>>> print(open('coords-v1.csv').read())   # CSV, C-alpha atoms (C1' of nucleotides)
chain,number,residue,atom,x,y,z
A,1,MET,CA,-39.4,-6.6,28.3
A,2,ALA,CA,-39.1,-10.3,28.9
A,3,LEU,CA,-41.8,-12.4,30.5
A,4,GLY,CA,-42.0,-12.1,34.3
A,5,LYS,CA,-40.4,-8.7,34.4
A,6,ASN,CA,-43.4,-6.8,33.4
A,7,TYR,CA,-47.0,-7.6,32.6
A,8,GLU,CA,-46.6,-11.0,34.4
A,9,GLY,CA,-49.8,-10.9,36.3
A,10,GLN,CA,-51.9,-10.2,33.3
A,11,ASN,CA,-52.1,-13.7,32.0
A,12,CYS,CA,-53.6,-12.4,28.8
A,13,SER,CA,-52.5,-12.9,25.2
A,14,LEU,CA,-52.5,-9.2,24.5
A,15,ALA,CA,-50.2,-8.6,27.4
A,16,ARG,CA,-47.9,-11.4,26.1
A,17,ALA,CA,-48.0,-9.8,22.7
A,18,LEU,CA,-46.9,-6.5,24.1
A,19,GLU,CA,-44.0,-8.1,25.9
A,20,LEU,CA,-42.8,-9.2,22.4
A,21,VAL,CA,-43.6,-6.2,20.2
A,22,GLY,CA,-44.7,-3.5,22.6
A,23,GLU,CA,-41.2,-2.2,23.5
A,24,ARG,CA,-40.1,1.1,22.1
A,25,TRP,CA,-38.8,0.8,18.5
A,26,THR,CA,-39.7,-2.8,18.0
A,27,LEU,CA,-42.7,-2.3,15.8
A,28,LEU,CA,-40.9,0.3,13.7
A,29,ILE,CA,-38.1,-2.3,13.1
A,30,VAL,CA,-40.8,-4.7,11.9
A,31,ARG,CA,-42.3,-2.1,9.7
A,32,ASP,CA,-38.9,-1.5,8.1
A,33,ALA,CA,-38.5,-5.3,7.6
A,34,PHE,CA,-41.8,-5.2,5.6
A,35,TYR,CA,-40.3,-2.4,3.5
A,36,GLY,CA,-37.4,-4.7,2.7
A,37,VAL,CA,-34.8,-3.3,5.1
A,38,ARG,CA,-32.6,-6.2,6.1
A,39,ARG,CA,-29.3,-5.0,7.4
A,40,TYR,CA,-28.2,-3.5,10.7
A,41,GLY,CA,-26.8,-0.4,9.1
A,42,ASP,CA,-29.9,0.3,7.1
A,43,PHE,CA,-32.2,-0.1,10.1
A,44,LEU,CA,-29.8,2.2,11.9
A,45,VAL,CA,-29.8,5.2,9.5
A,46,HIS,CA,-33.5,4.9,8.7
A,47,LEU,CA,-34.7,4.7,12.3
A,48,ASP,CA,-32.1,6.9,13.9
A,49,ILE,CA,-32.0,4.6,16.9
A,50,PRO,CA,-29.2,4.1,19.4
A,51,ARG,CA,-26.9,1.3,18.2
A,52,ALA,CA,-27.2,-0.7,21.4
A,53,VAL,CA,-31.0,-0.5,21.4
A,54,LEU,CA,-31.1,-1.7,17.8
A,55,ALA,CA,-28.8,-4.6,18.5
A,56,ASP,CA,-30.9,-5.6,21.6
A,57,ARG,CA,-34.2,-5.4,19.7
A,58,LEU,CA,-32.9,-7.4,16.7
A,59,ALA,CA,-31.7,-10.1,19.1
A,60,ASN,CA,-35.0,-10.2,20.9
A,61,LEU,CA,-37.0,-10.4,17.6
A,62,VAL,CA,-34.8,-13.3,16.5
A,63,GLU,CA,-35.2,-15.0,19.8
A,64,VAL,CA,-39.0,-14.9,19.8
A,65,GLY,CA,-39.1,-16.0,16.1
A,66,ILE,CA,-40.3,-12.9,14.5
A,67,LEU,CA,-37.1,-12.3,12.6
A,68,HIS,CA,-34.7,-14.8,11.1
A,69,ARG,CA,-31.0,-14.1,10.9
A,70,ARG,CA,-29.4,-15.4,7.7
A,71,ARG,CA,-25.8,-15.3,6.6
A,72,TYR,CA,-25.5,-13.8,3.2
A,73,GLN,CA,-21.7,-13.6,2.9
A,74,ASP,CA,-18.9,-15.3,4.7
A,75,SER,CA,-15.9,-13.0,4.5
A,76,PRO,CA,-16.4,-10.8,6.3
A,77,PRO,CA,-19.3,-12.6,8.0
A,78,ARG,CA,-22.5,-10.6,7.3
A,79,ASP,CA,-26.0,-11.5,8.3
A,80,GLU,CA,-29.4,-10.1,7.2
A,81,TYR,CA,-32.6,-10.1,9.2
A,82,LEU,CA,-35.8,-11.4,7.5
A,83,LEU,CA,-39.3,-11.7,8.7
A,84,THR,CA,-40.4,-15.2,9.5
A,85,ASP,CA,-44.0,-16.4,8.8
A,86,ARG,CA,-44.9,-15.4,12.3
A,87,GLY,CA,-43.4,-11.9,11.6
A,88,VAL,CA,-45.2,-11.6,8.3
A,89,GLU,CA,-48.5,-12.2,10.1
A,90,LEU,CA,-47.9,-9.0,12.0
A,91,TRP,CA,-49.1,-7.2,8.9
A,92,SER,CA,-52.6,-7.6,10.2
A,93,VAL,CA,-51.6,-5.5,13.2
A,94,ILE,CA,-49.3,-3.0,11.6
A,95,TYR,CA,-51.4,-2.1,8.7
A,96,PRO,CA,-54.6,-1.4,10.7
A,97,LEU,CA,-52.6,0.6,13.2
A,98,TRP,CA,-51.0,2.7,10.3
A,99,ASN,CA,-54.4,3.1,8.8
A,100,TRP,CA,-56.1,4.1,12.1
A,101,SER,CA,-53.5,6.8,12.6
A,102,GLU,CA,-53.7,8.0,9.0
A,103,ARG,CA,-57.5,8.4,9.3
A,104,HIS,CA,-57.6,10.1,12.7
A,105,TYR,CA,-54.3,12.0,12.9
A,106,GLY,CA,-53.2,12.2,9.3
A,107,ALA,CA,-52.2,15.7,8.1
A,108,GLY,CA,-54.2,15.8,4.9
A,109,GLU,CA,-52.5,13.7,2.3
A,110,PRO,CA,-50.7,10.5,3.2
A,111,LEU,CA,-47.0,10.1,2.7
A,112,ARG,CA,-47.5,6.6,1.4
A,113,THR,CA,-50.3,4.5,0.1
A,114,PHE,CA,-50.5,0.7,0.1
A,115,ARG,CA,-52.0,-0.9,-3.1
A,116,HIS,CA,-53.0,-4.3,-4.3
A,117,ALA,CA,-50.0,-5.1,-6.5
A,118,THR,CA,-52.0,-7.0,-9.1
A,119,CYS,CA,-54.7,-4.3,-9.7
A,120,GLY,CA,-53.3,-1.1,-8.2
A,121,THR,CA,-56.3,-0.4,-5.9
A,122,GLU,CA,-55.7,1.1,-2.5
A,123,LEU,CA,-56.3,-1.3,0.4
A,124,ASP,CA,-59.2,-0.9,2.8
A,125,PRO,CA,-58.5,-0.5,6.6
A,126,ALA,CA,-58.5,-4.3,7.0
A,127,SER,CA,-55.9,-4.9,4.2
A,128,ARG,CA,-58.5,-6.1,1.7
A,129,CYS,CA,-58.7,-5.0,-1.9
A,130,PRO,CA,-62.1,-3.3,-2.5
A,131,ALA,CA,-61.9,-4.1,-6.2
A,132,CYS,CA,-61.0,-7.7,-6.0
A,133,GLY,CA,-62.7,-8.4,-2.7
A,134,VAL,CA,-59.8,-10.5,-1.4
A,135,ASP,CA,-57.6,-10.2,1.7
A,136,VAL,CA,-54.3,-8.9,0.5
A,137,SER,CA,-51.3,-10.5,2.1
A,138,PRO,CA,-48.2,-8.3,2.5
A,139,GLY,CA,-46.4,-10.1,-0.4
A,140,ASP,CA,-49.0,-8.7,-2.7
A,141,VAL,CA,-48.9,-5.2,-1.4
A,142,GLU,CA,-47.1,-2.4,-3.2
A,143,ALA,CA,-46.1,0.7,-1.3
A,144,HIS,CA,-46.4,3.9,-3.3
A,145,THR,CA,-45.2,7.3,-2.4
A,146,GLY,CA,-48.2,9.4,-1.5
A,147,PRO,CA,-49.0,13.0,-2.3
A,148,GLY,CA,-48.1,14.2,1.3
A,149,VAL,CA,-44.3,14.0,1.0
A,150,PRO,CA,-42.8,16.9,3.0
A,151,ALA,CA,-40.8,19.7,1.5
A,152,GLN,CA,-37.6,18.5,3.1
A,153,PRO,CA,-37.7,14.7,2.9
A,154,ARG,CA,-35.2,12.5,4.6
A,155,GLN,CA,-32.1,11.9,2.5
A,156,ASP,CA,-30.8,8.6,4.0
A,157,PRO,CA,-30.5,5.8,1.4
A,158,VAL,CA,-33.4,3.9,2.8
A,159,SER,CA,-35.8,6.8,2.7
A,160,VAL,CA,-34.6,7.7,-0.8
A,161,ALA,CA,-35.1,4.2,-2.1
A,162,LEU,CA,-38.6,4.1,-0.6
A,163,ARG,CA,-39.6,7.3,-2.3
A,164,GLU,CA,-38.0,6.5,-5.6
A,165,ARG,CA,-40.4,4.0,-7.0
A,166,PRO,CA,-43.3,1.8,-5.9
A,167,HIS,CA,-42.0,-1.2,-4.0
A,168,ARG,CA,-43.4,-4.5,-3.2
A,169,LEU,CA,-43.4,-5.4,0.5
A,170,LEU,CA,-40.9,-8.0,1.7
A,171,GLN,CA,-38.7,-7.6,-1.4
A,172,PRO,CA,-35.2,-6.5,-0.7
A,173,LEU,CA,-34.9,-2.7,-0.9
A,174,PHE,CA,-31.4,-2.7,-2.5
B,1,MET,CA,-44.1,10.0,24.5
B,2,ALA,CA,-45.3,13.3,23.1
B,3,LEU,CA,-44.6,14.4,19.5
B,4,GLY,CA,-41.1,15.8,19.0
B,5,LYS,CA,-39.6,14.0,21.9
B,6,ASN,CA,-39.3,10.7,20.3
B,7,TYR,CA,-40.0,9.3,16.8
B,8,GLU,CA,-40.0,12.9,15.5
B,9,GLY,CA,-37.9,12.3,12.4
B,10,GLN,CA,-40.0,9.3,11.3
B,11,ASN,CA,-42.7,11.3,9.7
B,12,CYS,CA,-44.8,8.2,9.4
B,13,SER,CA,-48.3,7.4,10.5
B,14,LEU,CA,-47.2,4.3,12.2
B,15,ALA,CA,-44.6,6.2,14.3
B,16,ARG,CA,-47.3,8.8,15.1
B,17,ALA,CA,-49.6,6.0,16.2
B,18,LEU,CA,-46.9,4.6,18.4
B,19,GLU,CA,-46.5,7.9,20.1
B,20,LEU,CA,-50.2,7.8,21.0
B,21,VAL,CA,-50.7,4.2,22.0
B,22,GLY,CA,-47.2,2.7,22.0
B,23,GLU,CA,-46.2,3.6,25.5
B,24,ARG,CA,-46.1,1.0,28.2
B,25,TRP,CA,-49.6,0.1,29.7
B,26,THR,CA,-51.5,2.3,27.2
B,27,LEU,CA,-52.9,-0.5,25.1
B,28,LEU,CA,-53.8,-2.6,28.1
B,29,ILE,CA,-55.8,0.4,29.4
B,30,VAL,CA,-57.6,0.5,26.1
B,31,ARG,CA,-58.2,-3.2,26.3
B,32,ASP,CA,-59.8,-2.8,29.7
B,33,ALA,CA,-62.0,0.0,28.4
B,34,PHE,CA,-63.3,-2.5,25.8
B,35,TYR,CA,-64.1,-4.9,28.6
B,36,GLY,CA,-66.2,-2.2,30.2
B,37,VAL,CA,-63.8,-1.0,32.8
B,38,ARG,CA,-64.5,2.7,33.3
B,39,ARG,CA,-63.2,3.9,36.7
B,40,TYR,CA,-59.7,4.8,37.9
B,41,GLY,CA,-59.8,2.3,40.8
B,42,ASP,CA,-60.9,-0.6,38.6
B,43,PHE,CA,-58.2,0.0,36.0
B,44,LEU,CA,-55.8,0.2,39.0
B,45,VAL,CA,-56.6,-3.2,40.6
B,46,HIS,CA,-56.9,-5.0,37.3
B,47,LEU,CA,-53.7,-3.8,35.7
B,48,ASP,CA,-51.6,-3.6,38.8
B,49,ILE,CA,-50.1,-0.4,37.5
B,50,PRO,CA,-48.4,2.4,39.5
B,51,ARG,CA,-51.0,5.0,40.4
B,52,ALA,CA,-49.1,7.9,38.9
B,53,VAL,CA,-48.5,6.1,35.6
B,54,LEU,CA,-52.2,5.3,35.3
B,55,ALA,CA,-53.2,8.9,36.0
B,56,ASP,CA,-50.7,10.0,33.4
B,57,ARG,CA,-51.9,7.5,30.7
B,58,LEU,CA,-55.5,8.3,31.3
B,59,ALA,CA,-54.9,12.0,30.9
B,60,ASN,CA,-52.9,11.4,27.7
B,61,LEU,CA,-55.6,9.2,26.2
B,62,VAL,CA,-58.2,11.8,26.9
B,63,GLU,CA,-56.0,14.5,25.5
B,64,VAL,CA,-55.6,12.7,22.1
B,65,GLY,CA,-59.3,11.8,21.9
B,66,ILE,CA,-59.2,8.1,22.5
B,67,LEU,CA,-61.0,8.2,25.8
B,68,HIS,CA,-63.7,10.6,27.0
B,69,ARG,CA,-64.0,11.7,30.6
B,70,ARG,CA,-67.6,11.9,31.8
B,71,ARG,CA,-68.9,13.0,35.2
B,72,TYR,CA,-71.3,10.4,36.5
B,73,GLN,CA,-71.9,11.9,40.0
B,74,ASP,CA,-71.4,15.2,41.5
B,75,SER,CA,-70.9,14.6,45.2
B,76,PRO,CA,-68.2,13.6,45.6
B,77,PRO,CA,-67.3,14.5,42.0
B,78,ARG,CA,-66.5,11.2,40.1
B,79,ASP,CA,-65.6,10.7,36.5
B,80,GLU,CA,-65.6,7.7,34.3
B,81,TYR,CA,-63.5,7.0,31.2
B,82,LEU,CA,-65.2,5.9,28.0
B,83,LEU,CA,-63.8,5.0,24.6
B,84,THR,CA,-64.6,7.6,21.9
B,85,ASP,CA,-65.4,6.5,18.4
B,86,ARG,CA,-61.7,6.9,17.6
B,87,GLY,CA,-60.9,4.7,20.5
B,88,VAL,CA,-63.5,2.1,19.5
B,89,GLU,CA,-61.8,1.8,16.1
B,90,LEU,CA,-58.7,0.6,17.8
B,91,TRP,CA,-60.5,-2.8,18.0
B,92,SER,CA,-59.1,-3.4,14.6
B,93,VAL,CA,-55.6,-3.3,16.0
B,94,ILE,CA,-56.1,-4.8,19.5
B,95,TYR,CA,-58.1,-7.9,18.3
B,96,PRO,CA,-55.6,-8.9,15.6
B,97,LEU,CA,-52.7,-8.4,18.0
B,98,TRP,CA,-54.5,-10.6,20.6
B,99,ASN,CA,-55.3,-13.2,18.0
B,100,TRP,CA,-51.7,-13.2,16.6
B,101,SER,CA,-50.3,-13.8,20.1
B,102,GLU,CA,-52.9,-16.5,20.8
B,103,ARG,CA,-52.1,-18.3,17.6
B,104,HIS,CA,-48.3,-18.2,18.0
B,105,TYR,CA,-47.6,-18.1,21.6
B,106,GLY,CA,-50.8,-19.4,23.2
B,107,ALA,CA,-50.3,-22.1,25.8
B,108,GLY,CA,-52.9,-24.6,24.4
B,109,GLU,CA,-56.4,-23.4,25.3
B,110,PRO,CA,-57.2,-19.7,25.3
B,111,LEU,CA,-58.3,-17.9,28.4
B,112,ARG,CA,-60.9,-16.0,26.6
B,113,THR,CA,-62.8,-16.3,23.3
B,114,PHE,CA,-64.5,-13.5,21.4
B,115,ARG,CA,-67.8,-14.4,19.7
B,116,HIS,CA,-70.3,-12.8,17.4
B,117,ALA,CA,-73.0,-11.9,20.0
B,118,THR,CA,-75.9,-12.5,17.6
B,119,CYS,CA,-74.8,-16.0,16.6
B,120,GLY,CA,-72.2,-17.2,19.0
B,121,THR,CA,-69.6,-18.0,16.4
B,122,GLU,CA,-65.9,-17.3,17.3
B,123,LEU,CA,-64.4,-14.5,15.3
B,124,ASP,CA,-61.8,-15.0,12.7
B,125,PRO,CA,-58.4,-13.3,13.0
B,126,ALA,CA,-59.7,-10.1,11.3
B,127,SER,CA,-62.7,-9.8,13.6
B,128,ARG,CA,-65.2,-11.2,11.0
B,129,CYS,CA,-67.9,-13.8,11.8
B,130,PRO,CA,-67.2,-16.9,9.7
B,131,ALA,CA,-70.9,-17.9,9.9
B,132,CYS,CA,-72.5,-14.6,9.0
B,133,GLY,CA,-69.7,-13.3,6.8
B,134,VAL,CA,-69.7,-9.8,8.3
B,135,ASP,CA,-67.2,-7.6,10.0
B,136,VAL,CA,-68.1,-7.6,13.6
B,137,SER,CA,-67.7,-4.3,15.4
B,138,PRO,CA,-66.8,-4.4,19.1
B,139,GLY,CA,-70.3,-3.5,20.2
B,140,ASP,CA,-71.4,-6.9,18.7
B,141,VAL,CA,-68.6,-8.9,20.3
B,142,GLU,CA,-69.2,-11.0,23.3
B,143,ALA,CA,-66.2,-12.0,25.5
B,144,HIS,CA,-66.5,-15.6,26.8
B,145,THR,CA,-64.3,-17.3,29.4
B,146,GLY,CA,-62.2,-19.9,27.5
B,147,PRO,CA,-61.1,-23.3,28.6
B,148,GLY,CA,-57.6,-22.2,29.5
B,149,VAL,CA,-58.3,-20.5,32.8
B,150,PRO,CA,-55.4,-21.0,35.2
B,151,ALA,CA,-55.7,-23.0,38.4
B,152,GLN,CA,-55.2,-19.9,40.5
B,153,PRO,CA,-57.1,-17.1,38.7
B,154,ARG,CA,-56.9,-13.5,39.8
B,155,GLN,CA,-59.4,-12.5,42.4
B,156,ASP,CA,-59.7,-8.8,41.9
B,157,PRO,CA,-63.3,-7.7,41.3
B,158,VAL,CA,-62.6,-6.9,37.6
B,159,SER,CA,-61.1,-10.3,36.8
B,160,VAL,CA,-63.9,-12.0,38.7
B,161,ALA,CA,-66.6,-10.1,36.8
B,162,LEU,CA,-64.9,-10.9,33.5
B,163,ARG,CA,-64.9,-14.6,34.3
B,164,GLU,CA,-68.4,-14.9,35.7
B,165,ARG,CA,-70.4,-14.6,32.6
B,166,PRO,CA,-70.2,-13.8,28.9
B,167,HIS,CA,-70.0,-10.1,28.5
B,168,ARG,CA,-70.6,-7.8,25.6
B,169,LEU,CA,-67.7,-5.4,24.9
B,170,LEU,CA,-68.1,-1.7,25.7
B,171,GLN,CA,-70.9,-2.4,28.2
B,172,PRO,CA,-70.2,-1.4,31.8
B,173,LEU,CA,-68.7,-4.2,33.8
B,174,PHE,CA,-70.6,-3.4,37.0
C,1,DA,C1',0.5,0.1,6.0
C,2,DG,C1',-3.4,2.9,6.0
C,3,DT,C1',-8.3,3.8,5.1
C,4,DG,C1',-13.1,2.8,5.0
C,5,DA,C1',-17.2,-0.3,5.6
C,6,DT,C1',-19.7,-3.0,8.7
C,7,DG,C1',-21.7,-4.6,12.9
C,8,DG,C1',-21.4,-4.4,16.9
C,9,DT,C1',-20.0,-3.4,22.6
C,10,DT,C1',-19.0,-0.2,26.5
C,11,DC,C1',-20.1,3.2,29.6
C,12,DG,C1',-21.5,7.6,31.8
C,13,DT,C1',-25.8,10.4,31.7
C,14,DT,C1',-30.7,11.2,31.6
C,15,DG,C1',-35.4,10.3,31.9
C,16,DA,C1',-39.2,7.3,32.8
C,17,DA,C1',-41.3,3.6,35.7
C,18,DC,C1',-42.0,2.0,40.1
C,19,DG,C1',-44.1,1.8,44.6
C,20,DA,C1',-44.9,3.5,49.1
C,21,DA,C1',-46.6,7.3,51.5
C,22,DC,C1',-49.5,11.1,51.7
C,23,DC,C1',-53.6,14.0,50.8
C,24,DG,C1',-58.3,16.2,50.2
C,25,DA,C1',-63.2,15.7,49.4
C,26,DC,C1',-66.8,13.2,50.6
C,27,DT,C1',-70.1,9.5,52.9
C,28,DG,C1',-72.1,6.7,56.2
C,29,DG,C1',-72.3,4.9,61.0
C,30,DG,C1',-72.4,5.6,65.9
D,1,DC,C1',-70.1,15.7,65.9
D,2,DC,C1',-66.4,12.5,65.4
D,3,DC,C1',-64.2,8.6,63.1
D,4,DA,C1',-63.3,5.2,59.7
D,5,DG,C1',-63.5,4.2,55.0
D,6,DT,C1',-63.7,5.1,49.8
D,7,DC,C1',-62.1,7.3,45.8
D,8,DG,C1',-59.0,9.5,42.8
D,9,DG,C1',-55.4,11.2,42.7
D,10,DT,C1',-50.1,13.7,43.8
D,11,DT,C1',-45.4,13.5,45.8
D,12,DC,C1',-41.0,11.8,46.1
D,13,DG,C1',-36.9,8.8,46.5
D,14,DT,C1',-35.2,4.6,44.0
D,15,DT,C1',-34.3,1.7,40.1
D,16,DC,C1',-33.9,0.5,35.5
D,17,DA,C1',-33.9,1.3,30.5
D,18,DA,C1',-32.8,4.6,26.7
D,19,DC,C1',-29.6,7.6,24.9
D,20,DG,C1',-25.5,8.9,22.5
D,21,DA,C1',-20.7,9.3,22.0
D,22,DA,C1',-16.6,6.6,21.9
D,23,DC,C1',-14.4,2.6,21.1
D,24,DC,C1',-13.4,-1.9,18.9
D,25,DA,C1',-12.7,-6.1,15.7
D,26,DT,C1',-12.8,-8.0,11.2
D,27,DC,C1',-12.1,-7.7,6.7
D,28,DA,C1',-11.5,-5.5,1.8
D,29,DC,C1',-9.2,-2.4,-1.1
D,30,DT,C1',-5.3,0.4,-2.5
>>> encode(input="coords-v1.csv", output="structure tokens")
Amino acid sequence: MALGKNYEGQNCSLARALELVGERWTLLIVRDAFYGVRRYGDFLVHLDIPRAVLADRLANLVEVGILHRRRYQDSPPRDEYLLTDRGVELWSVIYPLWNWSERHYGAGEPLRTFRHATCGTELDPASRCPACGVDVSPGDVEAHTGPGVPAQPRQDPVSVALRERPHRLLQPLF
Amino acid sequence: MALGKNYEGQNCSLARALELVGERWTLLIVRDAFYGVRRYGDFLVHLDIPRAVLADRLANLVEVGILHRRRYQDSPPRDEYLLTDRGVELWSVIYPLWNWSERHYGAGEPLRTFRHATCGTELDPASRCPACGVDVSPGDVEAHTGPGVPAQPRQDPVSVALRERPHRLLQPLF
DNA sequence: AGTGATGGTTCGTTGAACGAACCGACTGGG
DNA sequence: CCCAGTCGGTTCGTTCAACGAACCATCACT
């Protein structure tokens, strides 16, 4: 969804943003990056996405500076994908969207809750801590398994790791 | 992008949200609704979107309760599309996304600024008023033309009306 | 030498977006 | 009464991206 191909006449920051993160799958990849997913294969099993599409999206996200590709071993060469500062700031979009959906379309109990790591309080819809009264940045957010886990939860390693224990965002999952 | 066809295995509120508002054009339609655009023809000229796609998106947005379709004259029958409460709450997603894009990919001066209507102060990235210290809901936001207007701005009636004068969100544009 | 892990690329098929044309209900003017 | 124009769509043939299965290259381990 590169510039010029699509919302070109819009000349609006929102349209530009949607060219960057509005494509199918892109925001779910960023969500997984917040969860600590870093490797191609882990994104693949967790998202159940066509391989070519994943490769394309990762390359785009690196190109626009939302993800950073970092070599973590040389033989065989293996890279991991990490959120840049710019990517981390998308928390202020992703969390409100998650929260909006949870409030209006949630089926009773949530699958996951997001808490202020230092005090354990659930975040408000704007990612603030009601107890401490501060804006909570993603590095201080802990994802907890909620009461709404389905009877037949997913068994891929990423889903299992996410359910197993509370997990601080941005920290590696494995 | 109905449920079951796409992110079905995800079982995540974010994925569900993206099924509702993640399709191409959808969030730009909602943005225009905040600007006060209400009629099919106005969305059409402002977005430059294929007619069939617009009709499809509007129907979906009504179906999931983000827009409400209201008859405003009987002969000939004409309807307008208004944001529901649920739709209005998407401001907490749209504005941070706009702001994120403006901060990281903005070309110098913004095209538009969003100000607290009662005091004229520009909103912070979380749609709060730095002067008053309150969360500003979209009904209290005024959209102003910014200094970054291009040399050849769009001439469709919607774009012209939006440039002409400051305009409170959710109020009808015409 | 063979097997498995990893991170891709290739390619034929399907489905959605595009855009131009058409359509039906109505209005206002001559 | 006829004609042109407006509005809000629908229809349909074309194009382009997503899908998914197969393939491939590199390296480690045995």
>>> residues_around(input="coords-v1.csv", residues="region 17-22 of chain C", least_positions_apart="4", cutoff="8 Å", atoms="only C-alpha atoms (C1' of nucleotides)", output="PyMOL selection string")
(chain B and resi 50+53) or (chain D and resi 11+15)
>>> closest_residue(input="coords-v1.csv", among="B:Asp79, B:Glu19, B:Glu89, B:Asp74", to="chain C", atoms="all atoms listed in the file")
B:Asp74
>>> residues_around(input="coords-v1.csv", residues="Val160 (chain B)", least_positions_apart="2", cutoff="12 Å", atoms="only C-alpha atoms (C1' of nucleotides)", output="PyMOL selection string")
chain B and resi 42+45-46+145+149+152-158+162-166+173-174
>>> residues_around(input="coords-v1.csv", residues="region 7-9 of chain D", least_positions_apart="3", cutoff="12 Å", atoms="only C-alpha atoms (C1' of nucleotides)", output="CSV table (one decimal) with C-alpha atoms (C1' of nucleotides), in the frame of the given file")
chain,number,residue,atom,x,y,z
B,39,ARG,CA,-63.2,3.9,36.7
B,40,TYR,CA,-59.7,4.8,37.9
B,41,GLY,CA,-59.8,2.3,40.8
B,42,ASP,CA,-60.9,-0.6,38.6
B,43,PHE,CA,-58.2,0.0,36.0
B,44,LEU,CA,-55.8,0.2,39.0
B,50,PRO,CA,-48.4,2.4,39.5
B,51,ARG,CA,-51.0,5.0,40.4
B,52,ALA,CA,-49.1,7.9,38.9
B,53,VAL,CA,-48.5,6.1,35.6
B,54,LEU,CA,-52.2,5.3,35.3
B,55,ALA,CA,-53.2,8.9,36.0
B,56,ASP,CA,-50.7,10.0,33.4
B,58,LEU,CA,-55.5,8.3,31.3
B,59,ALA,CA,-54.9,12.0,30.9
B,75,SER,CA,-70.9,14.6,45.2
B,76,PRO,CA,-68.2,13.6,45.6
B,77,PRO,CA,-67.3,14.5,42.0
B,78,ARG,CA,-66.5,11.2,40.1
B,79,ASP,CA,-65.6,10.7,36.5
B,80,GLU,CA,-65.6,7.7,34.3
C,22,DC,C1',-49.5,11.1,51.7
C,23,DC,C1',-53.6,14.0,50.8
C,24,DG,C1',-58.3,16.2,50.2
C,25,DA,C1',-63.2,15.7,49.4
C,26,DC,C1',-66.8,13.2,50.6
C,27,DT,C1',-70.1,9.5,52.9
>>> atom_distance(input="coords-v1.csv", atom1="CA of Asp32 (chain B)", atom2="CA of Gly146 (chain B)")
17.4 Å
>>> atom_distance(input="coords-v1.csv", atom1="CA of Asp140 (chain A)", atom2="CA of Trp98 (chain B)")
24.0 Å
>>> atom_distance(input="coords-v1.csv", atom1="CA of Leu20 (chain A)", atom2="CA of Thr84 (chain A)")
14.4 Å
>>> closest_residue(input="coords-v1.csv", among="B:Val93, B:Cys119, B:Ile66, B:Ala143", to="chain A", atoms="all atoms listed in the file")
B:Val93
>>> residues_around(input="coords-v1.csv", residues="Val64 (chain B)", least_positions_apart="5", cutoff="10 Å", atoms="all atoms listed in the file", output="list in words")
His104 and Tyr105 of chain A; Leu20, Val21, Ala59, Arg86 and Gly87 of chain B
>>> write_last_selection(input="coords-v1.csv", atoms="C-alpha atoms", output="PDB file, in the coordinates of the input")
ATOM      1  CA  HIS A 104     -57.600  10.100  12.700  1.00  0.00           C
ATOM      2  CA  TYR A 105     -54.300  12.000  12.900  1.00  0.00           C
TER       3      TYR A 105
ATOM      4  CA  LEU B  20     -50.200   7.800  21.000  1.00  0.00           C
ATOM      5  CA  VAL B  21     -50.700   4.200  22.000  1.00  0.00           C
ATOM      6  CA  ALA B  59     -54.900  12.000  30.900  1.00  0.00           C
ATOM      7  CA  ARG B  86     -61.700   6.900  17.600  1.00  0.00           C
ATOM      8  CA  GLY B  87     -60.900   4.700  20.500  1.00  0.00           C
TER       9      GLY B  87
END
>>> closest_atom_pairs(input="coords-v1.csv", of="chain B", to="chain A", cutoff="6 Å", atoms="all atoms listed in the file", output="Markdown table")
| residue | atom | partner | partner_atom | distance |
| --- | --- | --- | --- | --- |
| B:Ser13 | CA | A:Trp98 | CA | 5.4 |
| B:Leu14 | CA | A:Trp98 | CA | 4.5 |
| B:Ala17 | CA | A:Ser101 | CA | 5.4 |
| B:Val93 | CA | A:Val93 | CA | 5.4 |
| B:Pro96 | CA | A:Val93 | CA | 5.8 |
| B:Leu97 | CA | A:Val93 | CA | 5.7 |
| B:Trp98 | CA | A:Leu14 | CA | 4.6 |
| B:Ser101 | CA | A:Ala17 | CA | 5.3 |
| B:Glu102 | CA | A:Ser13 | CA | 5.7 |
>>> interface_residues(input="coords-v1.csv", of="chain C", to="chain A", cutoff="9 Å", atoms="all atoms listed in the file", output="ChimeraX atom specification")
/C:6-9
>>> write_last_selection(input="coords-v1.csv", atoms="C-alpha atoms (C1' of nucleotides)", output="compact mmCIF listing (two decimals), in the coordinates of the input")
# COMPACT_ATOMS: atom_id res chain seq x y z
C1' DT C 6 -19.70 -3.00 8.70
C1' DG C 7 -21.70 -4.60 12.90
C1' DG C 8 -21.40 -4.40 16.90
C1' DT C 9 -20.00 -3.40 22.60
>>> interface_residues(input="coords-v1.csv", of="chain D", to="chain A", cutoff="7 Å", atoms="only C-alpha atoms (C1' of nucleotides)", output="list in words")
DC19, DG20, DT26 and DC27 of chain D
